[in-house]
$ cat target.pdb   # PDB, C-alpha atoms, pLDDT in the B column
ATOM      1  CA  MET A   1      45.563 118.156  49.728  1.00 44.00           C
ATOM      2  CA  ALA A   2      46.230 120.794  47.034  1.00 51.00           C
ATOM      3  CA  PHE A   3      47.985 124.015  47.986  1.00 57.00           C
ATOM      4  CA  GLU A   4      44.894 126.163  47.343  1.00 66.00           C
ATOM      5  CA  GLU A   5      42.712 123.791  49.376  1.00 68.00           C
ATOM      6  CA  LEU A   6      45.116 124.111  52.290  1.00 70.00           C
ATOM      7  CA  LEU A   7      44.790 127.876  52.347  1.00 75.00           C
ATOM      8  CA  ASN A   8      40.986 127.690  52.116  1.00 78.00           C
ATOM      9  CA  ASP A   9      40.754 125.359  55.117  1.00 81.00           C
ATOM     10  CA  PRO A  10      39.577 127.410  58.139  1.00 83.00           C
ATOM     11  CA  VAL A  11      41.641 125.285  60.541  1.00 82.00           C
ATOM     12  CA  ILE A  12      44.806 125.986  58.573  1.00 85.00           C
ATOM     13  CA  GLN A  13      43.920 129.677  58.278  1.00 87.00           C
ATOM     14  CA  LYS A  14      43.507 129.839  62.060  1.00 89.00           C
ATOM     15  CA  TYR A  15      46.786 127.975  62.583  1.00 89.00           C
ATOM     16  CA  LEU A  16      48.654 130.411  60.330  1.00 90.00           C
ATOM     17  CA  HIS A  17      46.957 133.361  62.041  1.00 91.00           C
ATOM     18  CA  GLU A  18      48.008 132.032  65.459  1.00 92.00           C
ATOM     19  CA  LEU A  19      51.587 131.705  64.224  1.00 92.00           C
ATOM     20  CA  VAL A  20      52.136 135.030  62.477  1.00 94.00           C
ATOM     21  CA  GLY A  21      49.394 137.226  63.938  1.00 93.00           C
ATOM     22  CA  PRO A  22      47.215 139.713  62.085  1.00 93.00           C
ATOM     23  CA  THR A  23      50.093 141.772  60.640  1.00 92.00           C
ATOM     24  CA  GLY A  24      51.837 138.704  59.242  1.00 92.00           C
ATOM     25  CA  MET A  25      48.714 137.019  57.921  1.00 92.00           C
ATOM     26  CA  PRO A  26      48.887 138.647  54.459  1.00 92.00           C
ATOM     27  CA  VAL A  27      52.359 137.109  54.066  1.00 92.00           C
ATOM     28  CA  ALA A  28      51.220 133.678  55.223  1.00 90.00           C
ATOM     29  CA  ALA A  29      47.921 133.698  53.314  1.00 86.00           C
ATOM     30  CA  ALA A  30      49.267 134.622  49.893  1.00 78.00           C
ATOM     31  CA  PRO A  31      52.537 132.797  49.345  1.00 80.00           C
ATOM     32  CA  PRO A  32      53.958 133.240  45.854  1.00 80.00           C
ATOM     33  CA  ASP A  33      55.124 130.378  43.698  1.00 80.00           C
ATOM     34  CA  GLY A  34      58.855 129.865  43.735  1.00 87.00           C
ATOM     35  CA  GLU A  35      61.401 132.066  45.466  1.00 93.00           C
ATOM     36  CA  VAL A  36      60.767 135.626  46.564  1.00 94.00           C
ATOM     37  CA  THR A  37      62.679 138.237  48.560  1.00 93.00           C
ATOM     38  CA  ASP A  38      61.326 139.872  51.676  1.00 93.00           C
ATOM     39  CA  GLU A  39      61.547 143.257  49.920  1.00 93.00           C
ATOM     40  CA  GLU A  40      59.440 141.982  47.017  1.00 93.00           C
ATOM     41  CA  LEU A  41      56.815 140.637  49.413  1.00 94.00           C
ATOM     42  CA  ALA A  42      56.700 143.883  51.380  1.00 94.00           C
ATOM     43  CA  GLU A  43      56.222 145.929  48.228  1.00 94.00           C
ATOM     44  CA  GLU A  44      53.668 143.546  46.698  1.00 93.00           C
ATOM     45  CA  LEU A  45      51.599 143.353  49.899  1.00 93.00           C
ATOM     46  CA  GLY A  46      52.040 146.980  50.971  1.00 93.00           C
ATOM     47  CA  LEU A  47      53.482 145.968  54.337  1.00 94.00           C
ATOM     48  CA  GLU A  48      56.365 147.201  56.436  1.00 95.00           C
ATOM     49  CA  LEU A  49      59.547 145.250  55.717  1.00 95.00           C
ATOM     50  CA  ASN A  50      59.996 144.378  59.408  1.00 96.00           C
ATOM     51  CA  ASP A  51      56.479 142.857  59.545  1.00 96.00           C
ATOM     52  CA  VAL A  52      57.224 140.727  56.488  1.00 95.00           C
ATOM     53  CA  ARG A  53      60.574 139.609  57.912  1.00 96.00           C
ATOM     54  CA  ARG A  54      58.968 138.739  61.251  1.00 96.00           C
ATOM     55  CA  ALA A  55      56.289 136.621  59.537  1.00 96.00           C
ATOM     56  CA  LEU A  56      58.862 134.890  57.329  1.00 96.00           C
ATOM     57  CA  PHE A  57      61.071 134.083  60.312  1.00 96.00           C
ATOM     58  CA  ILE A  58      58.118 132.626  62.245  1.00 96.00           C
ATOM     59  CA  LEU A  59      57.169 130.498  59.233  1.00 94.00           C
ATOM     60  CA  TYR A  60      60.809 129.403  58.979  1.00 95.00           C
ATOM     61  CA  GLU A  61      60.928 128.463  62.694  1.00 94.00           C
ATOM     62  CA  ASN A  62      57.866 126.277  62.145  1.00 90.00           C
ATOM     63  CA  ASP A  63      59.272 124.557  59.037  1.00 88.00           C
ATOM     64  CA  LEU A  64      56.765 126.273  56.759  1.00 91.00           C
ATOM     65  CA  ALA A  65      59.302 128.367  54.858  1.00 92.00           C
ATOM     66  CA  SER A  66      62.938 128.027  53.875  1.00 94.00           C
ATOM     67  CA  TYR A  67      65.486 130.407  52.452  1.00 95.00           C
ATOM     68  CA  ARG A  68      68.755 130.504  50.649  1.00 95.00           C
ATOM     69  CA  ARG A  69      71.263 133.323  50.771  1.00 94.00           C
ATOM     70  CA  VAL A  70      72.772 134.895  47.697  1.00 93.00           C
ATOM     71  CA  ARG A  71      75.630 137.388  47.966  1.00 92.00           C
ATOM     72  CA  ASP A  72      75.674 140.302  45.523  1.00 87.00           C
ATOM     73  CA  GLU A  73      79.161 140.245  43.988  1.00 90.00           C
ATOM     74  CA  ASP A  74      79.342 144.033  43.578  1.00 91.00           C
ATOM     75  CA  SER A  75      78.031 145.255  46.937  1.00 91.00           C
ATOM     76  CA  GLY A  76      78.665 142.174  49.085  1.00 90.00           C
ATOM     77  CA  TRP A  77      75.108 142.393  50.433  1.00 92.00           C
ATOM     78  CA  LEU A  78      73.215 139.220  51.197  1.00 92.00           C
ATOM     79  CA  THR A  79      69.805 138.640  49.649  1.00 92.00           C
ATOM     80  CA  TYR A  80      67.485 136.059  51.147  1.00 93.00           C
ATOM     81  CA  LEU A  81      65.305 134.131  48.714  1.00 95.00           C
ATOM     82  CA  TRP A  82      62.314 132.625  50.489  1.00 95.00           C
ATOM     83  CA  THR A  83      60.296 129.560  49.531  1.00 93.00           C
ATOM     84  CA  PHE A  84      57.037 128.577  51.210  1.00 90.00           C
ATOM     85  CA  GLU A  85      56.612 124.923  52.173  1.00 87.00           C
ATOM     86  CA  TYR A  86      52.992 124.496  53.170  1.00 86.00           C
ATOM     87  CA  ASP A  87      52.687 120.878  52.104  1.00 84.00           C
ATOM     88  CA  GLN A  88      53.799 119.927  55.641  1.00 81.00           C
ATOM     89  CA  ILE A  89      50.970 121.782  57.409  1.00 86.00           C
ATOM     90  CA  PRO A  90      48.704 118.734  57.950  1.00 85.00           C
ATOM     91  CA  GLU A  91      51.579 116.805  59.572  1.00 86.00           C
ATOM     92  CA  VAL A  92      52.568 119.840  61.671  1.00 84.00           C
ATOM     93  CA  LEU A  93      48.976 120.240  62.875  1.00 87.00           C
ATOM     94  CA  GLU A  94      48.736 116.559  63.741  1.00 89.00           C
ATOM     95  CA  SER A  95      51.976 116.812  65.702  1.00 89.00           C
ATOM     96  CA  GLU A  96      50.599 119.851  67.556  1.00 88.00           C
ATOM     97  CA  MET A  97      47.440 117.899  68.383  1.00 90.00           C
ATOM     98  CA  TYR A  98      49.502 115.057  69.869  1.00 94.00           C
ATOM     99  CA  ARG A  99      51.525 117.586  71.874  1.00 93.00           C
ATOM    100  CA  LEU A 100      48.313 119.169  73.142  1.00 94.00           C
ATOM    101  CA  LEU A 101      46.874 115.760  74.043  1.00 95.00           C
ATOM    102  CA  ASP A 102      49.985 114.891  76.077  1.00 96.00           C
ATOM    103  CA  ALA A 103      49.938 118.266  77.825  1.00 96.00           C
ATOM    104  CA  LEU A 104      46.240 117.988  78.656  1.00 96.00           C
ATOM    105  CA  GLU A 105      46.641 114.469  80.012  1.00 96.00           C
ATOM    106  CA  SER A 106      49.529 115.594  82.226  1.00 97.00           C
ATOM    107  CA  ARG A 107      47.617 118.615  83.459  1.00 97.00           C
ATOM    108  CA  ARG A 108      44.504 116.551  84.101  1.00 96.00           C
ATOM    109  CA  GLN A 109      46.563 114.140  86.193  1.00 95.00           C
ATOM    110  CA  TYR A 110      48.034 117.057  88.165  1.00 97.00           C
ATOM    111  CA  GLU A 111      44.567 118.502  88.757  1.00 96.00           C
ATOM    112  CA  ALA A 112      43.185 115.117  89.826  1.00 94.00           C
ATOM    113  CA  ASP A 113      46.118 114.331  92.136  1.00 94.00           C
ATOM    114  CA  ASN A 114      46.107 117.616  94.051  1.00 95.00           C
ATOM    115  CA  GLU A 115      43.819 119.462  96.418  1.00 96.00           C
ATOM    116  CA  PHE A 116      43.605 123.218  95.943  1.00 97.00           C
ATOM    117  CA  TYR A 117      42.776 126.245  98.042  1.00 97.00           C
ATOM    118  CA  LEU A 118      41.800 129.676  96.765  1.00 97.00           C
ATOM    119  CA  CYS A 119      42.152 133.164  98.174  1.00 97.00           C
ATOM    120  CA  PRO A 120      38.699 134.738  97.720  1.00 96.00           C
ATOM    121  CA  GLU A 121      40.191 138.247  97.594  1.00 96.00           C
ATOM    122  CA  GLU A 122      43.217 137.812  95.317  1.00 95.00           C
ATOM    123  CA  SER A 123      42.018 134.748  93.321  1.00 95.00           C
ATOM    124  CA  ILE A 124      45.367 133.066  93.947  1.00 96.00           C
ATOM    125  CA  ARG A 125      45.290 129.270  93.898  1.00 96.00           C
ATOM    126  CA  PHE A 126      47.451 127.185  96.208  1.00 97.00           C
ATOM    127  CA  GLU A 127      48.168 123.471  96.393  1.00 97.00           C
ATOM    128  CA  PHE A 128      47.359 121.849  99.738  1.00 97.00           C
ATOM    129  CA  GLY A 129      51.024 121.822 100.826  1.00 96.00           C
ATOM    130  CA  GLU A 130      51.440 125.518 100.063  1.00 96.00           C
ATOM    131  CA  ALA A 131      48.195 126.389 101.827  1.00 97.00           C
ATOM    132  CA  MET A 132      49.339 124.425 104.850  1.00 97.00           C
ATOM    133  CA  GLU A 133      52.700 126.262 104.890  1.00 97.00           C
ATOM    134  CA  PHE A 134      50.804 129.557 104.980  1.00 97.00           C
ATOM    135  CA  THR A 135      48.467 128.194 107.685  1.00 97.00           C
ATOM    136  CA  PHE A 136      45.605 128.512 105.201  1.00 97.00           C
ATOM    137  CA  GLU A 137      45.996 132.321 105.034  1.00 97.00           C
ATOM    138  CA  CYS A 138      46.788 134.181 101.834  1.00 97.00           C
ATOM    139  CA  PRO A 139      50.365 135.459 102.068  1.00 96.00           C
ATOM    140  CA  SER A 140      49.398 138.426  99.901  1.00 94.00           C
ATOM    141  CA  CYS A 141      46.347 139.786 101.716  1.00 96.00           C
ATOM    142  CA  GLY A 142      45.883 137.625 104.829  1.00 96.00           C
ATOM    143  CA  ALA A 143      42.410 136.339 103.873  1.00 97.00           C
ATOM    144  CA  ASP A 144      41.432 132.797 104.847  1.00 97.00           C
ATOM    145  CA  LEU A 145      41.982 130.321 102.018  1.00 97.00           C
ATOM    146  CA  GLU A 146      38.929 128.366 100.913  1.00 97.00           C
ATOM    147  CA  SER A 147      38.855 124.809  99.624  1.00 96.00           C
ATOM    148  CA  MET A 148      38.481 124.848  95.849  1.00 96.00           C
ATOM    149  CA  SER A 149      36.825 122.177  93.768  1.00 95.00           C
ATOM    150  CA  ASN A 150      38.361 121.643  90.344  1.00 94.00           C
ATOM    151  CA  ASP A 151      35.874 118.960  89.274  1.00 94.00           C
ATOM    152  CA  GLN A 152      34.446 121.150  86.518  1.00 95.00           C
ATOM    153  CA  LEU A 153      37.932 121.821  85.143  1.00 95.00           C
ATOM    154  CA  VAL A 154      38.805 118.104  85.167  1.00 95.00           C
ATOM    155  CA  ARG A 155      35.510 117.274  83.391  1.00 95.00           C
ATOM    156  CA  ALA A 156      36.242 119.900  80.715  1.00 96.00           C
ATOM    157  CA  MET A 157      39.723 118.449  80.250  1.00 96.00           C
ATOM    158  CA  ASN A 158      38.274 114.949  79.945  1.00 95.00           C
ATOM    159  CA  GLU A 159      35.904 116.145  77.212  1.00 96.00           C
ATOM    160  CA  ARG A 160      38.685 117.904  75.279  1.00 95.00           C
ATOM    161  CA  ILE A 161      40.985 114.902  75.646  1.00 95.00           C
ATOM    162  CA  GLU A 162      38.300 112.615  74.243  1.00 94.00           C
ATOM    163  CA  GLN A 163      37.701 114.999  71.326  1.00 93.00           C
ATOM    164  CA  LEU A 164      41.415 115.006  70.519  1.00 93.00           C
ATOM    165  CA  ARG A 165      41.609 111.227  70.789  1.00 94.00           C
ATOM    166  CA  ASP A 166      38.654 110.880  68.428  1.00 92.00           C
ATOM    167  CA  GLU A 167      40.240 113.254  65.912  1.00 89.00           C
ATOM    168  CA  LEU A 168      43.595 111.455  66.151  1.00 90.00           C
ATOM    169  CA  ASN A 169      42.044 107.950  66.295  1.00 88.00           C
ATOM    170  CA  VAL A 170      43.899 107.255  69.535  1.00 84.00           C
ATOM    171  CA  GLU A 171      42.598 104.608  71.913  1.00 81.00           C
ATOM    172  CA  SER A 172      41.102 105.923  75.131  1.00 70.00           C
ATOM    173  CA  GLN A 173      43.195 105.353  78.243  1.00 62.00           C
ATOM    174  CA  ASP A 174      41.977 105.098  81.836  1.00 55.00           C
ATOM    175  CA  GLU A 175      40.237 108.331  82.748  1.00 50.00           C
ATOM    176  CA  ALA A 176      41.267 110.386  85.735  1.00 49.00           C
ATOM    177  CA  PRO A 177      38.422 110.766  88.206  1.00 50.00           C
ATOM    178  CA  ALA A 178      36.209 113.793  87.678  1.00 50.00           C
TER     179      ALA A 178
END
$ encode --input "target.pdb" --output "structure tokens"
Amino acid sequence: MAFEELLNDPVIQKYLHELVGPTGMPVAAAPPDGEVTDEELAEELGLELNDVRRALFILYENDLASYRRVRDEDSGWLTYLWTFEYDQIPEVLESEMYRLLDALESRRQYEADNEFYLCPEESIRFEFGEAMEFTFECPSCGADLESMSNDQLVRAMNERIEQLRDELNVESQDEAPA
């Protein structure tokens, strides 16, 4: 996928927005060709230097940018030259989708394996063992805990898991009961 196509993809735009937030989005959405300093980016985009540095560091942490340091021989100051590496975004997104699939499957199993109780006043959820320890009374307000069905949550997780499996072309495993 060409660099320009990547940045026009709404999924990739949303991913970048989730990473750097609204203040860092101008940095992420308009990467220059070649190396650039954070000061140059801040001036070019009309942003605060700290916002640019924050966005660059987040991109770096997610393997979407790299830098090299150059020391000024006269002043001894370090200058960071940044390069954007967006060609990895599709692989990073796929890896995130696999991570999400694993997390959802684990959570679905937890939800299916446990019985829950809810405080109607405080909206605090307890596992059966916790509720039993508190003699089915909310430790916060003293209200009686009520049995809570999580069937709707498990069904929603099943649907999302199947969507992710379809997108990743992963074989369906045994479903947890809904």
$ atom_distance --input "target.pdb" --atom1 "atom CA of Leu101 of chain A" --atom2 "atom CA of Leu59 of chain A"
23.3 Å
$ residues_around --input "target.pdb" --residues "segment 104-117 of chain A" --least-positions-apart "6" --cutoff "7 Å" --atoms "only C-alpha atoms" --output "short mmCIF file (atom, residue, chain, number, x, y, z; two decimals) with C-alpha atoms, in the coordinates of the input"
data_model
loop_
_atom_site.label_atom_id
_atom_site.label_comp_id
_atom_site.auth_asym_id
_atom_site.auth_seq_id
_atom_site.Cartn_x
_atom_site.Cartn_y
_atom_site.Cartn_z
CA ARG A 125 45.29 129.27 93.90
CA PHE A 126 47.45 127.18 96.21
CA GLU A 127 48.17 123.47 96.39
CA PHE A 128 47.36 121.85 99.74
CA ALA A 131 48.20 126.39 101.83
CA LEU A 145 41.98 130.32 102.02
CA GLU A 146 38.93 128.37 100.91
CA SER A 147 38.85 124.81 99.62
CA MET A 148 38.48 124.85 95.85
CA VAL A 154 38.80 118.10 85.17
CA MET A 157 39.72 118.45 80.25
CA ILE A 161 40.98 114.90 75.65
CA ALA A 176 41.27 110.39 85.74
CA PRO A 177 38.42 110.77 88.21
#
$ axis_aligned_box --input "target.pdb" --around "segment 7-17 of chain A" --padding-each-side "5 Å" --output "JSON"
{"center_x": 44.1, "center_y": 129.3, "center_z": 57.3, "size_x": 19.1, "size_y": 18.1, "size_z": 20.5}
$ atom_distance --input "target.pdb" --atom1 "atom CA of Leu64 of chain A" --atom2 "atom CA of Gln88 of chain A"
7.1 Å
$ resolve_selection --input "target.pdb" --expression "the PyMOL selection byres ((chain A and resi 6) around 12)" --output "list of chain:residue names"
A:Met1, A:Ala2, A:Phe3, A:Glu4, A:Glu5, A:Leu7, A:Asn8, A:Asp9, A:Pro10, A:Val11, A:Ile12, A:Gln13, A:Lys14, A:Tyr15, A:Leu16, A:Ala28, A:Ala29, A:Ala30, A:Pro31, A:Glu85, A:Tyr86, A:Asp87, A:Gln88, A:Ile89, A:Pro90, A:Leu93
$ closest_residue --input "target.pdb" --among "A:Asp144, A:Asp63, A:Asp51, A:Asp166" --to "Glu91 of chain A" --atoms "only C-alpha atoms"
A:Asp63
$ residues_around --input "target.pdb" --residues "Ser140 of chain A" --least-positions-apart "5" --cutoff "10 Å" --atoms "all atoms listed in the file" --output "MDAnalysis selection string"
chainID A and resid 119 121:122 124
$ residues_near_point --input "target.pdb" --point "(58.2, 124.4, 65.0)" --cutoff "10 Å" --atoms "all atoms listed in the file" --output "ChimeraX atom specification"
/A:19,58-64,92,95-96
$ resolve_selection --input "target.pdb" --expression "the PyMOL selection byres ((chain A and resi 32) around 9)" --output "number ranges by chain"
A: 30-31, 33-36, 41, 83-84
$ write_last_selection --input "target.pdb" --atoms "C-alpha atoms" --output "JSON list (two decimals), in the coordinates of the input"
[["chain", "number", "residue", "atom", "x", "y", "z"],
["A", 30, "ALA", "CA", 49.27, 134.62, 49.89],
["A", 31, "PRO", "CA", 52.54, 132.80, 49.34],
["A", 33, "ASP", "CA", 55.12, 130.38, 43.70],
["A", 34, "GLY", "CA", 58.86, 129.86, 43.74],
["A", 35, "GLU", "CA", 61.40, 132.07, 45.47],
["A", 36, "VAL", "CA", 60.77, 135.63, 46.56],
["A", 41, "LEU", "CA", 56.82, 140.64, 49.41],
["A", 83, "THR", "CA", 60.30, 129.56, 49.53],
["A", 84, "PHE", "CA", 57.04, 128.58, 51.21]]
$ atom_distance --input "target.pdb" --atom1 "atom CA of Leu45 of chain A" --atom2 "atom CA of Ser75 of chain A"
26.7 Å
$ resolve_selection --input "target.pdb" --expression "the PyMOL selection byres ((chain A and resi 54) around 12)" --output "list in words"
Leu19, Val20, Gly21, Pro22, Thr23, Gly24, Met25, Val27, Ala28, Asp38, Ala42, Leu47, Glu48, Leu49, Asn50, Asp51, Val52, Arg53, Ala55, Leu56, Phe57, Ile58, Leu59, Tyr60 and Glu61 of chain A
$ residues_near_point --input "target.pdb" --point "(44.3, 113.5, 73.6)" --cutoff "10 Å" --atoms "all atoms listed in the file" --output "number ranges by chain"
A: 97-105, 157-173
$ decode --input "target.pdb" --residues "segment 62-135 of chain A" --atoms "C-alpha atoms" --output "CSV table (one decimal), in the first residue's frame"
chain,number,residue,atom,x,y,z
A,62,ASN,CA,5.0,2.2,18.5
A,63,ASP,CA,7.7,1.7,15.9
A,64,LEU,CA,6.3,4.3,13.5
A,65,ALA,CA,9.1,6.7,13.8
A,66,SER,CA,12.8,6.6,14.4
A,67,TYR,CA,15.5,9.2,15.2
A,68,ARG,CA,19.2,9.7,15.1
A,69,ARG,CA,21.1,12.1,17.3
A,70,VAL,CA,23.6,14.6,16.0
A,71,ARG,CA,25.7,16.7,18.3
A,72,ASP,CA,26.5,20.3,17.4
A,73,GLU,CA,30.3,20.6,17.6
A,74,ASP,CA,30.2,24.2,18.7
A,75,SER,CA,27.5,24.2,21.3
A,76,GLY,CA,27.5,20.5,22.3
A,77,TRP,CA,23.7,20.4,22.0
A,78,LEU,CA,22.0,17.3,20.6
A,79,THR,CA,19.7,17.6,17.7
A,80,TYR,CA,17.2,14.8,17.0
A,81,LEU,CA,16.5,14.0,13.4
A,82,TRP,CA,13.2,12.1,13.0
A,83,THR,CA,12.1,9.8,10.2
A,84,PHE,CA,8.6,8.4,9.9
A,85,GLU,CA,8.2,4.7,9.2
A,86,TYR,CA,4.6,4.2,8.3
A,87,ASP,CA,5.1,1.2,6.0
A,88,GLN,CA,4.7,-1.0,9.1
A,89,ILE,CA,1.2,0.2,10.0
A,90,PRO,CA,-0.7,-2.7,8.4
A,91,GLU,CA,1.4,-5.2,10.3
A,92,VAL,CA,1.1,-3.3,13.5
A,93,LEU,CA,-2.7,-3.1,13.1
A,94,GLU,CA,-2.9,-6.8,12.4
A,95,SER,CA,-0.8,-7.5,15.5
A,96,GLU,CA,-3.1,-5.3,17.6
A,97,MET,CA,-6.1,-7.2,16.2
A,98,TYR,CA,-4.6,-10.5,17.3
A,99,ARG,CA,-3.9,-9.1,20.7
A,100,LEU,CA,-7.5,-7.9,21.0
A,101,LEU,CA,-8.8,-11.3,19.9
A,102,ASP,CA,-6.7,-13.0,22.6
A,103,ALA,CA,-7.9,-10.5,25.2
A,104,LEU,CA,-11.5,-10.9,24.2
A,105,GLU,CA,-11.4,-14.6,24.3
A,106,SER,CA,-9.8,-14.6,27.7
A,107,ARG,CA,-12.4,-12.1,29.0
A,108,ARG,CA,-15.2,-14.1,27.5
A,109,GLN,CA,-14.0,-17.2,29.2
A,110,TYR,CA,-13.8,-15.3,32.5
A,111,GLU,CA,-17.3,-14.0,32.1
A,112,ALA,CA,-18.7,-17.5,31.1
A,113,ASP,CA,-16.9,-19.2,34.0
A,114,ASN,CA,-18.1,-16.9,36.8
A,115,GLU,CA,-21.3,-15.9,38.4
A,116,PHE,CA,-21.7,-12.2,39.3
A,117,TYR,CA,-23.7,-10.1,41.7
A,118,LEU,CA,-24.4,-6.4,41.5
A,119,CYS,CA,-25.1,-3.7,44.1
A,120,PRO,CA,-28.2,-1.9,42.8
A,121,GLU,CA,-27.1,1.3,44.6
A,122,GLU,CA,-23.4,1.6,43.8
A,123,SER,CA,-23.3,-0.5,40.5
A,124,ILE,CA,-20.4,-2.5,41.9
A,125,ARG,CA,-20.0,-6.0,40.5
A,126,PHE,CA,-18.8,-8.9,42.6
A,127,GLU,CA,-17.9,-12.4,41.7
A,128,PHE,CA,-19.8,-15.1,43.6
A,129,GLY,CA,-17.0,-15.8,46.0
A,130,GLU,CA,-16.7,-12.1,46.9
A,131,ALA,CA,-20.4,-11.7,47.3
A,132,MET,CA,-20.5,-14.7,49.6
A,133,GLU,CA,-17.6,-13.2,51.7
A,134,PHE,CA,-19.7,-10.1,52.1
A,135,THR,CA,-22.8,-12.2,52.9
